[in-house]
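One structure is given below, encoded as C-alpha cells.
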Amino acid sequence: MSTNTGQIIGINGNLISVRFDQAIVKNEVGYAVVGDTKLKAEIIRIRGNSAEMQVFEDTTGLSIGDAVEFSGEMLSVQLGPGLLTQIYDGLQNPLPALAAECGFFLQRGKYLAPLDPDKKWSFTAVAKVGDTVQAGDTLGNVPEGIYDHRIMVPLRFRGEFTVEEIKANGDYTIHTVIAKLKDERGDVREVTMVQTWPVKRPINVYSERLRPTEPLVTKVRTVDTLFPVARGGTFCVPGPFGAGKTVLQQITSRHAEVDIVIIAACGERAGEVVETLREFPELTDPRTGKSLMERTLIICNTSSMPVAAREASVYTAVTIAEYYRQMGLNVLLLADSTSRWAQALREVSGRLEEIPGEEAFPAYLESVIASFYERGGVVKLRDGSIGSVTIGGTVSPAGGNFEEPVTQSTLKVVGAFHGLSRERSDARRYPAIAPLDSWSKYPSVVSDDDVSTARKALRDGNEINQMMKVVGEEGTSIDDFVVYLKSEYIDNVYLQQDAFNEVDAATNAERQQYVFNRIVKIVRTAMSFDDKEAARRFFQSLTQLTKDWNRVRMDEEGFKSIEAKIEGMITEVTDYA
Amino acid sequence: MHKVYTKLDRIAGNVISLEADNVTYRELALVNTEQGSSLAQVIRIEGSRVFLQVFAGGRGVSTAAEVRFLGRVMQVPFSEALLGRIFTGSGDPRDKGPSITQNMIPIGGPSVNPAKRIIPRNMVRTGIPMIDVFNTLVESQKLPIFSMAGEPYNPLLARIALQAEVDVIILGGMGLKHDDYLTFRDTLEEQGALSRTVMFVHTAADPTVECLLVPDVSLAVAEQFALQGKRVLVLLTDMTNFADALKEIAITMEQIPATRGYPGDLYSQLASRYEKAVDFEGAGSITLLAVTTMPGDDVTHPVPDNTGYITEGQFYLRNGRIEPFGSLSRLKQLVNDKTREDHRAIMSLMIQLFASYRETLEKQSMGFRMSTWDQKLLKYGHRFEQEMMDLSVNIPLEKALDLGWAILADCFDPEETGAPSKLIDKFWPKPRAEKAEKAEAPAS
C-alpha cells in the first residue's frame, strides 16, 4: 500500500482541493478519510502543490485538514470471469451484494469486491509450458454461462513472455495463480484469472481494426431496414422526454443479435433499470434458450446516485465491453443517457471554474464524446478471430432541441442517427424514430433499391400531407391522395411495431427482407379508385390485413393465406393502364 | 464547546463567509443577528474561509453577527406526533403547537439501492376520472403537474390529498401564497384529513433559502413513515420556486449558469429529490406529486424540461382541467390490466374519440361543413369535457368506466366506436326493455 497522503484544503460540492508533497499522477485514485469511512475520489487537475479531486460520493462531513490517501493507481476495473449477469454501480460495486450487506440504502464509502473471490471456475489450459505469448493471448478457458471466458495474458503486459508454469485443468478461484510467465529479461510474473485495466484507456491489444460492415440486427424494422446499425458501429438516439428512448433501448437490449449486452444506465430513472433487472432473469433469449440475464451486464448509476460516478459508469461499461471483445465476442453497449454524463462533466467543469463553452458545457466536451464513441469498433484479434463493440447512446437534449451541444457533438462521431420525434410519440407511433430526419451510414438488411423507393414514398407522402393541411382533402388530387395513403401505409404496417405482440415486436432479417419487398411492391403498383373515400377505405382494410399478417409467424399457415389475401386485394385495384 | 465567531468578512445575498477552523462540509451553524437567530449551512470551504447560506436570508446580518457551528447536519424530528402538525421549512412549528425535538433524523439521506427496488404494482385511487381512468397514478410513482400560473393546481393537490387512498400525506409548500397555505390547511381540516397529514410550509413571505429545505425535510419524514410500512403520498408545490432558490444561491456563489441562469446541476438536484419515490420491498411506499409551474407556459423552460426527464410521466393542467393529450402516466400499464377488463379499452377508445372531436372543432372553426359524424363527435366531446374532465367530478374508477360506456352509448352506435365486440356485449348499456329481457333469460 502506498503511503502517499495529502490534506484537504478546500471543499466545494463534490470537488475537493488537496495539498500533496510527494509525486501524484493525474487521474490517480485517492481516498478522502472521514472518520471510519474512505471516500473514493479521482485527481482531475493539478496546480502547484494542490490537486483538485472529484469525489465519487456525498462529501458531507469532510473537513479541512482531513487526510487523503493516494492509491498510486488510475481508476480501474477488475476484469475476469463472473462479470456477466452482474449489476454494478458506476465504480463496479456489486449492487445486490451491497443490498445484502447494507439494506435499502446505498452506504457511502462502502466498496465491495466486484468479482466473487470464493467462487470456483473450471479451468481448461490452452497454452503449454514453453509457449511464447503476448498480452491478450489465451492461457486457458473457463465456462461463464454460455461462453468460454478466455483467461488471457494480462492486457497491460508489454512484450513477449514464455509460459513457465500453467495450472492443470481443474476448479480454481479467480485469485489463484494459474500461470507463471517469464519476460524477456527473465523476470517471472504471476497471472491469475483477474486483471485490472484503467477505465479511461481504450484496450488496444489486437492486430487490426476493421471497417464495420456487417449489420447488427436489432429486430426493430425501422432501424434494420432504413437506419441500420453495423456490428462495431456507433449510433445515437436523441429525443425529448417521453419519446421512448429508454423503451427503444430496452427492446434493443432484448432482441439484438449479439453475444453480450452491457447496459449503462447513466443518470436516468432507477425504475427503468429495475424493470430490466427484475424482468431479464425471467425472459429467455431465443438464440440460446437461456435466460436473457446470462448475456447481460448492467452498470447502473441512476440519477440520484453520486454525480461523479456517472462519468465513471460509461467508462466502466465500455472497458468491460472491450474486454469481452478480446474474446472474439460481439458486444453491444447501450448507454442511457450520455447527456447526463455530459452534465456531470459540466458540473465538475463549473466547480473547477474553467472557461465554459456553449450552454456552460466544457470546451473539451466534443473530444471527450468523440473518444468515447471511438472505443467501439470491429477488431481482428491476434488469433484471427473477430470481435466487436457496438455503442448506442441515448441523448436527452434540453427542451427536445437537437441543436444543443451534446446532440451536435454526438452526431459528428456516430454512424447512425435515430432521432425520436415528439410528434410521432404523441400520435402513439412506436417506435418514434423520425423516418425523414434520421440517417445511417451502414448497409441495410434489405436491398438499397427497395429502401430508396420507400424513402421517396415517405417523403412524397409527407409533402402531400403538409399541403393537405392547407388546402384540405378537397383540394388534393386523387393521385396525390393515393401517394399520401401509400406513405401512411408503409408507416403503419412496417415502420410501426406493436411492442406488446410477441411476433410483431421482433422481426428478424429474413422476414424483414421478405415483407419489405412485398410492401414496396405494393407501393410501386399503380392503383385506381373511384374516389378518395374508396381509396381511404381500401387502405384502411389493407392496413388492417397487413397488421394481422405481422402478427403471425412466418412458419404458421396463416402467413401464406393472409399474403394471398393481400395479393388479391391489390389485384382488384391495380391500374393496368 | 463550540467556538463562537463574530467576524464576517463577506455578506452577499443570502451567503456569508468567515474565517473558521474545524468546520465540516454541510455542517449547520446558528447565526445570531438583531432580528433573531437563523440556521445556516456550510456550502463551501476554501482553506480557512467558510461560506454559509443563511436560511433566514442575508438581510440585516451584521458583520459582527455571532456564528456558532453546531457540529451536525440538518435534521428533522420524526415521530407519530408530527401528524396533524404544520411546520416551517426549518422544522419549527407554524401552528402554535409545541416544538418537537426528539428522535432527530438527518435529511437528504443516501439514495435507495436500485437492486432493492421492486416493480410498482399498486394503483393509487384518487376519485378523479382523468387520473384513475386515463393516467392511473401508481404507488411509488413520481409525477409533476405542469401548469401555468393561475391554474387551480393547489385546489387539485388538495383534492388529491383528500381523496387519495393512502395512509400518510406530507405536504411541502414552497413559496406558497399565504392564502393558499390557509386554504390547504382549512380544506384538510374541514374534511378531517389533517390528522393524517404533516405540512412543511414555506410561504412567499419567508426567506428564500428556507425553501430549499422543504423537499428534503418532507421526503426525509416520508421515508421514515414508508419504512414503517405506511403508504405515503408526498405533495410538493411549487418545484419551480425550489429551482429558483437554487438559482439564486448559485448566482450568489458566482457559479457559471447553464441555461437561463439555472445552475448546471439542476437535473441532479431535482433528480435526487424525485428519486426518493420508492416502493420498499416488505415495507411502505412513497408516491410523489409535484407542481411545476411553467413560466410562459413553455415546457422547454429548464425546470419543466429537466423535470420531464426525471419523472415517470406528467399531468398537464390547462384551462382548469387535466389535459388528456401530453399528460402521461408511464406506469399505468403496470396496473390498469388488473382493475377491470374494460379499463384499457375505455381509456384508449375515449381518448381516440376525443382526439377526433378536437379535429372536428378545428374543422368547425375553419368553417368546414359538419357531417353527421362530426355532429356526433361534438356531442361526445362536450359530454366528455363536462362529465369526465371537469375537476369537480369525484367518482370511483368503476363508476367512471360505467359513465364512459353511458356517454359512448348516448353518442354513438357500438360499431362506430371500434370497441372490441366482446366488451360491447358485456358493457354497452342496453335499452331498458332489452335489459329486462336479458335478466330473465338465464332463469328460463
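Chain labels follow the order of the C-alpha cells: the first chain is A, the next B, and so on; residue numbering restarts at 1 in every chain, and ligands are counted from 1 in their shown order.
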
Give me, as JSON lines, each residue of chain B that comes within 8 Å of chain A, together with its shortest interatomic pair and the distance in Å at one decimal, counting only C-alpha atoms, with rows ordered by chain and rising residue number.
{"residue": "B:Asp21", "atom": "CA", "partner": "A:Ile64", "partner_atom": "CA", "distance": 7.8}
{"residue": "B:Asn22", "atom": "CA", "partner": "A:Ser63", "partner_atom": "CA", "distance": 6.5}
{"residue": "B:Val23", "atom": "CA", "partner": "A:Ser63", "partner_atom": "CA", "distance": 5.8}
{"residue": "B:Thr24", "atom": "CA", "partner": "A:Ser63", "partner_atom": "CA", "distance": 4.2}
{"residue": "B:Tyr25", "atom": "CA", "partner": "A:Gly61", "partner_atom": "CA", "distance": 4.9}
{"residue": "B:Arg26", "atom": "CA", "partner": "A:Thr60", "partner_atom": "CA", "distance": 5.3}
{"residue": "B:Glu27", "atom": "CA", "partner": "A:Gly61", "partner_atom": "CA", "distance": 6.9}
{"residue": "B:Ile43", "atom": "CA", "partner": "A:Asn12", "partner_atom": "CA", "distance": 7.0}
{"residue": "B:Arg44", "atom": "CA", "partner": "A:Asn12", "partner_atom": "CA", "distance": 4.7}
{"residue": "B:Ile45", "atom": "CA", "partner": "A:Ile11", "partner_atom": "CA", "distance": 4.9}
{"residue": "B:Glu46", "atom": "CA", "partner": "A:Gly10", "partner_atom": "CA", "distance": 4.3}
{"residue": "B:Gly47", "atom": "CA", "partner": "A:Ile9", "partner_atom": "CA", "distance": 4.8}
{"residue": "B:Ser48", "atom": "CA", "partner": "A:Ile64", "partner_atom": "CA", "distance": 7.6}
{"residue": "B:Pro110", "atom": "CA", "partner": "A:Leu106", "partner_atom": "CA", "distance": 6.0}
{"residue": "B:Ser111", "atom": "CA", "partner": "A:Phe105", "partner_atom": "CA", "distance": 5.8}
{"residue": "B:Val112", "atom": "CA", "partner": "A:Phe105", "partner_atom": "CA", "distance": 4.3}
{"residue": "B:Asn113", "atom": "CA", "partner": "A:Phe105", "partner_atom": "CA", "distance": 5.2}
{"residue": "B:Pro114", "atom": "CA", "partner": "A:Ala270", "partner_atom": "CA", "distance": 6.0}
{"residue": "B:Ala115", "atom": "CA", "partner": "A:Pro96", "partner_atom": "CA", "distance": 5.6}
{"residue": "B:Lys116", "atom": "CA", "partner": "A:Phe104", "partner_atom": "CA", "distance": 5.9}
{"residue": "B:Arg117", "atom": "CA", "partner": "A:Val274", "partner_atom": "CA", "distance": 6.5}
{"residue": "B:Ile118", "atom": "CA", "partner": "A:Val274", "partner_atom": "CA", "distance": 6.6}
{"residue": "B:Ile119", "atom": "CA", "partner": "A:Glu275", "partner_atom": "CA", "distance": 6.3}
{"residue": "B:Gln255", "atom": "CA", "partner": "A:Gly350", "partner_atom": "CA", "distance": 6.7}
{"residue": "B:Ile256", "atom": "CA", "partner": "A:Gly350", "partner_atom": "CA", "distance": 6.0}
{"residue": "B:Pro257", "atom": "CA", "partner": "A:Ala360", "partner_atom": "CA", "distance": 6.6}
{"residue": "B:Ala258", "atom": "CA", "partner": "A:Ala360", "partner_atom": "CA", "distance": 4.8}
{"residue": "B:Thr259", "atom": "CA", "partner": "A:Glu359", "partner_atom": "CA", "distance": 6.0}
{"residue": "B:Gly264", "atom": "CA", "partner": "A:Glu347", "partner_atom": "CA", "distance": 5.7}
{"residue": "B:Asp265", "atom": "CA", "partner": "A:Glu347", "partner_atom": "CA", "distance": 5.9}
{"residue": "B:Ser268", "atom": "CA", "partner": "A:Ser303", "partner_atom": "CA", "distance": 6.3}
{"residue": "B:Ala271", "atom": "CA", "partner": "A:Ser304", "partner_atom": "CA", "distance": 5.6}
{"residue": "B:Ser272", "atom": "CA", "partner": "A:Ser304", "partner_atom": "CA", "distance": 4.2}
{"residue": "B:Arg273", "atom": "CA", "partner": "A:Ser304", "partner_atom": "CA", "distance": 7.6}
{"residue": "B:Glu275", "atom": "CA", "partner": "A:Ser304", "partner_atom": "CA", "distance": 6.0}
{"residue": "B:Phe280", "atom": "CA", "partner": "A:Phe104", "partner_atom": "CA", "distance": 7.7}
{"residue": "B:Val299", "atom": "CA", "partner": "A:Gly399", "partner_atom": "CA", "distance": 7.3}
{"residue": "B:Thr300", "atom": "CA", "partner": "A:Gly399", "partner_atom": "CA", "distance": 4.1}
{"residue": "B:His301", "atom": "CA", "partner": "A:Gly399", "partner_atom": "CA", "distance": 7.0}
{"residue": "B:Pro302", "atom": "CA", "partner": "A:Ala398", "partner_atom": "CA", "distance": 7.3}
{"residue": "B:Asp305", "atom": "CA", "partner": "A:Gly399", "partner_atom": "CA", "distance": 5.7}
{"residue": "B:Asn306", "atom": "CA", "partner": "A:Ala398", "partner_atom": "CA", "distance": 7.4}
{"residue": "B:Gly308", "atom": "CA", "partner": "A:Phe241", "partner_atom": "CA", "distance": 5.9}
{"residue": "B:Tyr309", "atom": "CA", "partner": "A:Phe241", "partner_atom": "CA", "distance": 5.2}
{"residue": "B:Ile310", "atom": "CA", "partner": "A:Arg269", "partner_atom": "CA", "distance": 6.3}
{"residue": "B:Thr311", "atom": "CA", "partner": "A:Arg269", "partner_atom": "CA", "distance": 7.7}
{"residue": "B:Gly313", "atom": "CA", "partner": "A:Gly242", "partner_atom": "CA", "distance": 7.2}
{"residue": "B:Phe325", "atom": "CA", "partner": "A:Asp426", "partner_atom": "CA", "distance": 7.7}
{"residue": "B:Gly326", "atom": "CA", "partner": "A:Asp426", "partner_atom": "CA", "distance": 7.0}

| field | Close residues, range 363-373 of chain B itself excluded, 12 Å, only C-alpha atoms, min 6 positions apart in chain, as a VMD selection string | value | (chain A and resid 469 to 474) or (chain B and resid 353 356 to 357 379 to 380 411 to 413 416 to 417)

| task | Using DSSP on the backbone coordinates, identify all residues within range 344-538 of chain A classified as strand (DSSP E or B); present the result as a ChimeraX atom specification. | result | /A:356,362,377-380,386-395,416-417,420,433,439-440,527

| request: Tell me which protein, DNA and RNA residues are within 9 Å of range 41-45 of chain A, counting only C-alpha atoms, leaving out same-chain ones fewer than 6 positions away, and put them as a PyMOL selection string. | output: chain A and resi 15-16+24-32+51-57+74-75+308+352

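The space between CA of Asp575 in chain A and CA of Ser528 in chain A spans 5.3 Å.
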
| Contacts of range 534-540 of chain A within 10 Å, only C-alpha atoms, excl. fewer than 2 positions in-chain, as a ChimeraX atom specification | /A:478,481-482,485-486,488-489,527-532,542-546,569-570,573

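The list of residues with at least one atom within 7 Å of range 172-178 of chain B, based on only C-alpha atoms and without residues fewer than 2 positions apart in the same chain, reads Ile170, Asp180, Tyr181, Leu182, Met199, Phe200, Val201, His202, Thr203, Ala204, Cys211, Val214, Pro215, Ser218, Leu235, Leu236, Thr237, Asp238, Asn241 and Phe242 of chain B.
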
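In this model, the gap between CA of Arg201 in chain A and CA of Asp137 in chain A comes to 19.4 Å.
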
Got a sec to tell me which of range 98-246 of chain A DSSP assigns to alpha helix (DSSP H), as a short mmCIF file (atom, residue, chain, number, x, y, z; two decimals) with N, CA and C atoms, in the first residue's frame?
data_model
loop_
_atom_site.label_atom_id
_atom_site.label_comp_id
_atom_site.auth_asym_id
_atom_site.auth_seq_id
_atom_site.Cartn_x
_atom_site.Cartn_y
_atom_site.Cartn_z
N LEU A 98 -24.24 -5.36 -2.15
CA LEU A 98 -24.31 -4.18 -1.29
C LEU A 98 -25.65 -4.15 -0.56
N ALA A 99 -26.71 -4.53 -1.27
CA ALA A 99 -28.05 -4.54 -0.67
C ALA A 99 -28.10 -5.59 0.43
N ALA A 100 -27.45 -6.72 0.19
CA ALA A 100 -27.47 -7.77 1.20
C ALA A 100 -26.76 -7.30 2.46
N GLU A 101 -25.76 -6.44 2.28
CA GLU A 101 -24.99 -6.00 3.43
C GLU A 101 -25.58 -4.77 4.10
N CYS A 102 -26.07 -3.81 3.28
CA CYS A 102 -26.47 -2.52 3.85
C CYS A 102 -27.97 -2.27 3.81
N ARG A 221 -37.77 -2.87 -37.06
CA ARG A 221 -37.78 -2.79 -38.51
C ARG A 221 -37.25 -1.46 -39.04
N LYS A 245 -37.06 6.83 -25.68
CA LYS A 245 -35.66 6.45 -25.83
C LYS A 245 -35.36 5.18 -25.05
N THR A 246 -35.76 5.20 -23.79
CA THR A 246 -35.41 4.09 -22.92
C THR A 246 -36.14 2.82 -23.34
#
